[in-house]
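Peer 1: Take a look at this one; I'll ask things after.
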Amino acid sequence: MYSSTRLVYQYDSYIREYEAVATRVVGDLVFLDSTIFHPRSGGVDHDKGLLFFDSNRVEVVEVFIDKESGDIAHRISPRVDLTPGSRVKMILDWERRYRLMRLHTAAHIISAIMYSEYGALVSGGNINPEYAYDDYTIEKFEKELFVKVVEKANEVVKRDIEVKIYWLPREEALKIPGVVKLAERMPPDVKELRIVEIPGVDIQADGGPHVKKTSEIGEIVFLKAENKGKNKKRLYFTVKP
């Protein structure tokens with residue numbers, strides 16, 4: 001499904017304030033022509049923040065992709081009248097966003113190591129500001145395996161590698177080995193795919209926000225590992241404040 005909302009965060013994840021125009025309002029849901037708010041998608045939690053318009057200041061408490069239109073819906077609190085065509089100023093909850101960015105890039109590094117060294121794909125996962133987890137398609141459960149992978153991921157973090165963002169035609173992108181590391185889901189059916197590359201480490205089709213350099217992640221911390229069943233071994237991790 002094609003979204004008419006311009007996803008500003010896909011071009012620059014560091015923009016904290018931005019102005020856009022309201023295109024429609026449905027109850028407490030506001031739709032804009034552009035947004036810096038990342039919706040809940042790809043296992044990454046949604047952004048929060050503030051909207052300013054006329055003399056109103058409201059909180060953005062939830063952001064998601066509208067199933068009918070494919071556009072980005074911003075749920076506001078309290079609910080107030082907003083006329084389509086009005087200019088709206090957005091301000092991100094930057095502390096929340098930056099934690100999500102650091103954890104998201106860390107997840108890419110970890111999944112790259114799991115893929116290259118163990119042939120494991122990601123079969124599920126979630127990233128919130130406090131911690132993240134990913135499920136991997138490996139048969140044998142070994143806590144020590146995940147501990148070692150986190151150690152190797154931290155070695156990558158320290159190398160201060162630039163994280164590159166660019167777009168490729170879908171057919172060209174899907175020819176890249178390992179560009180999709182999800183076991184049961186393909187990228188959206190669009191003409192171009194957004195590519196997130198950590199040179200020499202990882203390359204994935206991905207639509208979410210990331211840090212510019214691996215060193216920004218800080219230190220990845222192993223939390224725990226769980227056996228969730230056949231071909232589903234879960235790693236919990238976080239990053240230091």
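Ordering of the structure tokens sets the chain letters (A, B, ...); residue numbers start at 1 within each chain; ligands are numbered from 1 in the order shown.
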Tell me, as a list in words, which residues lie within 7 Å of A:Lys48, counting only C-alpha atoms; anything in the same chain fewer than 3 positions away does not count.

Peer 2: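 So, after excluding close chain neighbours, the residues are Val60, Val61, Glu62, Leu92 and Asp93 of chain A.
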
Peer 1: I'd like the contact shell of stretch 134-139 of chain A - 9 Å cut-off, only C-alpha atoms, skipping same-chain residues fewer than 2 positions apart - returned as a VMD selection string.

Peer 2: chain A and resid 107 111 114 118 to 127 132 141 183 228 to 237

Peer 1: Pull the alpha helix (DSSP H) assignments for stretch 49-110 of chain A out of DSSP run on the backbone, and list those residues as a PyMOL selection string.

Peer 2: chain A and resi 94-110

Peer 1: Which residues, written as a PDB file with N, CA and C atoms, in the first residue's frame, have at least one atom at most 12 Å from A:Gly70, with only C-alpha atoms counted and residues fewer than 5 positions away on the same chain left out?

Peer 2:
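Wrote it out as selection_27.pdb, contents follow:
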```pdb
ATOM      1  N   MET A   1       0.845  -1.203   0.000  1.00  0.00           N
ATOM      2  CA  MET A   1       0.000   0.000   0.000  1.00  0.00           C
ATOM      3  C   MET A   1       0.880   1.254   0.000  1.00  0.00           C
ATOM      4  N   TYR A   2       0.605   2.172  -0.891  1.00  0.00           N
ATOM      5  CA  TYR A   2       1.408   3.385  -1.028  1.00  0.00           C
ATOM      6  C   TYR A   2       0.891   4.488  -0.111  1.00  0.00           C
ATOM      7  N   SER A   3       1.791   5.079   0.646  1.00  0.00           N
ATOM      8  CA  SER A   3       1.413   6.165   1.543  1.00  0.00           C
ATOM      9  C   SER A   3       1.624   7.507   0.859  1.00  0.00           C
ATOM     10  N   SER A   4       0.640   8.397   1.004  1.00  0.00           N
ATOM     11  CA  SER A   4       0.800   9.751   0.454  1.00  0.00           C
ATOM     12  C   SER A   4       1.516  10.663   1.444  1.00  0.00           C
ATOM     13  N   THR A   5       1.759  10.180   2.660  1.00  0.00           N
ATOM     14  CA  THR A   5       2.498  10.948   3.660  1.00  0.00           C
ATOM     15  C   THR A   5       3.986  10.893   3.332  1.00  0.00           C
ATOM     16  N   ARG A   6       4.647  12.032   3.232  1.00  0.00           N
ATOM     17  CA  ARG A   6       6.095  12.043   2.999  1.00  0.00           C
ATOM     18  C   ARG A   6       6.792  11.677   4.305  1.00  0.00           C
ATOM     19  N   LEU A   7       7.585  10.631   4.272  1.00  0.00           N
ATOM     20  CA  LEU A   7       8.229  10.118   5.475  1.00  0.00           C
ATOM     21  C   LEU A   7       9.589  10.792   5.647  1.00  0.00           C
ATOM     22  N   PHE A  31      -3.862  13.426  10.212  1.00  0.00           N
ATOM     23  CA  PHE A  31      -3.053  13.007   9.068  1.00  0.00           C
ATOM     24  C   PHE A  31      -2.382  14.245   8.474  1.00  0.00           C
ATOM     25  N   PRO A  39       6.026   5.583  12.599  1.00  0.00           N
ATOM     26  CA  PRO A  39       4.902   4.796  13.117  1.00  0.00           C
ATOM     27  C   PRO A  39       5.380   3.463  13.665  1.00  0.00           C
ATOM     28  N   PHE A  64       0.726   5.305  13.867  1.00  0.00           N
ATOM     29  CA  PHE A  64       0.607   4.015  13.191  1.00  0.00           C
ATOM     30  C   PHE A  64       0.226   4.225  11.733  1.00  0.00           C
ATOM     31  N   ILE A  65       0.326   3.144  10.966  1.00  0.00           N
ATOM     32  CA  ILE A  65      -0.034   3.180   9.552  1.00  0.00           C
ATOM     33  C   ILE A  65      -1.508   2.844   9.415  1.00  0.00           C
ATOM     34  N   PRO A 188       7.896  -4.249   1.511  1.00  0.00           N
ATOM     35  CA  PRO A 188       6.672  -3.814   0.834  1.00  0.00           C
ATOM     36  C   PRO A 188       6.829  -3.825  -0.687  1.00  0.00           C
TER      37      PRO A 188
END
```

Peer 1: What residues in stretch 3-226 of chain A get the DSSP label strand (DSSP E or B)? Please answer as an MDAnalysis selection string.

Peer 2: chainID A and resid 6:7 17:26 29:32 34:35 41 44 49:53 56:65 72:77 87:92 122:127 132:136 162 164:169 182 192:198 202:205 213 220:226

Peer 1: Using only C-alpha atoms, find the one residue out of A:Ser86, A:Thr214, A:Asn227, A:Ser34 that sits nearest to A:Leu103.

Peer 2: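 Among the listed residues, A:Thr214 lies closest to A:Leu103.
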
Peer 1: Residues within 10 Å of A:Asn56, please, as a CSV table (one decimal) with N, CA and C atoms, in the first residue's frame. Count only C-alpha atoms; anything in the same chain fewer than 3 positions from it doesn't count.

Peer 2:
```csv
chain,number,residue,atom,x,y,z
A,51,LEU,N,2.4,18.3,18.9
A,51,LEU,CA,1.9,19.1,17.8
A,51,LEU,C,1.4,20.4,18.3
A,52,PHE,N,1.8,21.5,17.5
A,52,PHE,CA,1.4,22.8,17.8
A,52,PHE,C,0.6,23.3,16.6
A,53,PHE,N,-0.5,23.9,16.8
A,53,PHE,CA,-1.3,24.5,15.7
A,53,PHE,C,-2.3,25.6,16.3
A,78,PRO,N,-5.0,16.1,24.3
A,78,PRO,CA,-6.4,15.9,24.2
A,78,PRO,C,-6.9,16.1,22.8
A,80,VAL,N,-8.8,17.9,20.0
A,80,VAL,CA,-9.2,19.2,19.7
A,80,VAL,C,-9.5,19.4,18.3
A,81,ASP,N,-10.2,20.5,17.9
A,81,ASP,CA,-10.6,20.7,16.5
A,81,ASP,C,-9.4,21.2,15.7
A,82,LEU,N,-9.1,20.5,14.6
A,82,LEU,CA,-8.1,20.9,13.7
A,82,LEU,C,-8.6,20.9,12.3
A,88,VAL,N,0.9,22.8,10.9
A,88,VAL,CA,1.2,22.1,12.1
A,88,VAL,C,2.7,22.0,12.4
```

Peer 1: Within 12 Å of A:Ser116, counting only C-alpha atoms, which residues show up once you throw out same-chain ones fewer than 5 positions away? Write them as a ChimeraX atom specification, please.

Peer 2: /A:109-111,121,149,177-179,181,200-203
